[in-house]
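The structure appears right after this line, and notes come after that.
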Amino acid sequence: MRGRIIIYAVAALLLGCALFVATPGRAVAQLSSGTSEVFWTLDWGAGVYRQTPASVAWEGEHAVIYVCDGDWVSPFILEQLGSSFDSAIYPTLTEAYGSEPNPGIDGDPRVAILIYDFNDPRDDVDASFNFRDIDPEGATYTNLREIIYLNLHTLLKEPLSGPTLTAHEFTHLIVYYRGVMLDPSPFAADESTWITEGFTTYGEHLAGFDDRVAAQLRAFARQPNLSLTDWQGTIADYGASYSFMRYMAEREGPAFVRALAEQPLDGVAGINATLAGLASLNSFASLFDDWIVAGLLDGCSPQLPPYCFNGFDVAIEPTPLTGSLPLVGSAEVVDYGAVYLDFPATPSLGAFQAVVDGETGAPLQAALVSWDSQGLTVPAVTRLDLANQAVGGTVTGPAGYDRHTLVMWARGVIGSMASY
């Protein structure tokens with residue numbers, strides 16, 4: 001949906017007082033007490049917009065930080081946030097995704113960052129971006145500038161979280177501008193949330209802030225049978241979107257991410273159009289299938305490209321099946337989710353066979369992953385397209401492996417929570 005906010009609770013850490021220390025050998029933007037301006041801000045508890053006076057607290061080359069009048073933010077937090085934006089966040093993300101509106105709707109080339117108390121009763125909204133600030137047609141509550149909002153309460157709990165949150169929301173701003181406002185179509189619409197949140201979490205990583213993605217990836221690894229395309233806003237959803245976006249970037253290169261952000265088509269159609277425009281041999285379906293298998297094999301050694309991730313770990317733990325072979329059981333998988341079923345160890349002398357029976361017409365895919373518990377032999381992946389009735393439901397893995405894991409996933413309706 002438009003104006004997507006980040007909803008993620010961070011661990012509390014209270015900083016009492018810190019001193020601002022200028023780093024020798026570089027130009028440091030001076031803290032300043034500017035004239036107060038009035039902003040429209042959302043009171044998250046009451047669900048209404050209010051006029052809030054705030055004053056300039058930090059000025060730099062690419063950012064101006066405002067703090068709500070009457071509130072106090074330590075100079076350390078302001079300097080850390082402002083210098084991170086100027087030196088890392090702004091140059092990195094504009095290189096990766098393209099420029100924001102510049103000089104923008106207010107004629108100022110700098111991005112405004114407003115720190116105020118969100119009055120969030122659930123204490124789970126850390127930062128936000130409102131697309132009506134840069135695309136105000138018909139809007140009443142717009143600040144008519146490139147601006148992102150940080151929750152004062154969050155910064156007091158976790159003083160070092162500001163740059164990560166700002167990178168996330170600045171990516172929202174850029175992606176909205178390039179994907180919606182620059183779209184020449186009269187039917188321009190915001191990107192699908194599961195893709196947008198892939199952009200924003202990947203933006204955190206690109207800017208050098210990985211302090212949240214590790215927890216998101218762990219949550220996803222514990223819950224792989226969730227729909228990638230049916231966004232629910234959980235930590236596991238963030239982990240899934242991040243890992244899939246980063247996997248596509250690793251497979252297709254950084255040019256793919258920027259081209260996707262600027263692609264007029266949205267969702268799966270946009271991914272396929274971007275891949276075709278870059279003359280890639282892949283499709284959304286092929287990348288998704290490989291990503292599913294990579295979730296298992298990334299934790300195995302030796303690795304088998306393309307079923308692995310570079311620079312980050314997912315390592316989904318499969319569900320162990322117990323008992324003597326032959327085993328008989330059942331499982332359920334949601335659209336664009338996956339289940340991983342791990343068979344007991346077997347002698348490695350012979351081939352291993354699994355028979356899978358899904359409901360008629362179900363969009364099911366499967367892979368039998370054969371691997372060596374000693375880590376001496378490269379794993380083998382044997383695919384099975386269960387949606388194609390002509391291929392049957394039997395899959396046979398090669399001899400020479402003592403472990404076998406059956407991976408099953410569904411490629412049905414995008415955004416569906418159907419299960420099979």
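We label chains A, B, ... in the order they appear in the structure tokens, count residues from 1 in each chain, and number ligands from 1 in the order shown.
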
Requested in this report: Mind the document's chain letters and residue numbers, and return as a PyMOL selection string the residues of stretch 240-365 of chain A that DSSP labels helix (DSSP H, G or I).
Outcome: chain A and resi 240-252+254-261+267-277+284-297

Query - Exercise: A:Phe85 partners within 8 Å, only C-alpha atoms, chain neighbours under 3 positions left out, as a ChimeraX atom specification - result: /A:62-63,81-82,88-90,163,166-167

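In this model, the gap between atom CA of A:Thr154 and atom CA of A:Asp69 comes to 17.4 Å.
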
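Of the residues listed (A:Gly239, A:Gly162, A:Gly179, A:Gly138), A:Gly162 shows the shortest atom-to-atom separation from A:Phe209; distances use only C-alpha atoms.
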
Query raised in the report: So which residues touch stretch 39-53 of chain A within 12 Å, counting only C-alpha atoms, skipping near sequence neighbours fewer than 2 positions away, as a count of residues only?
Result: 46
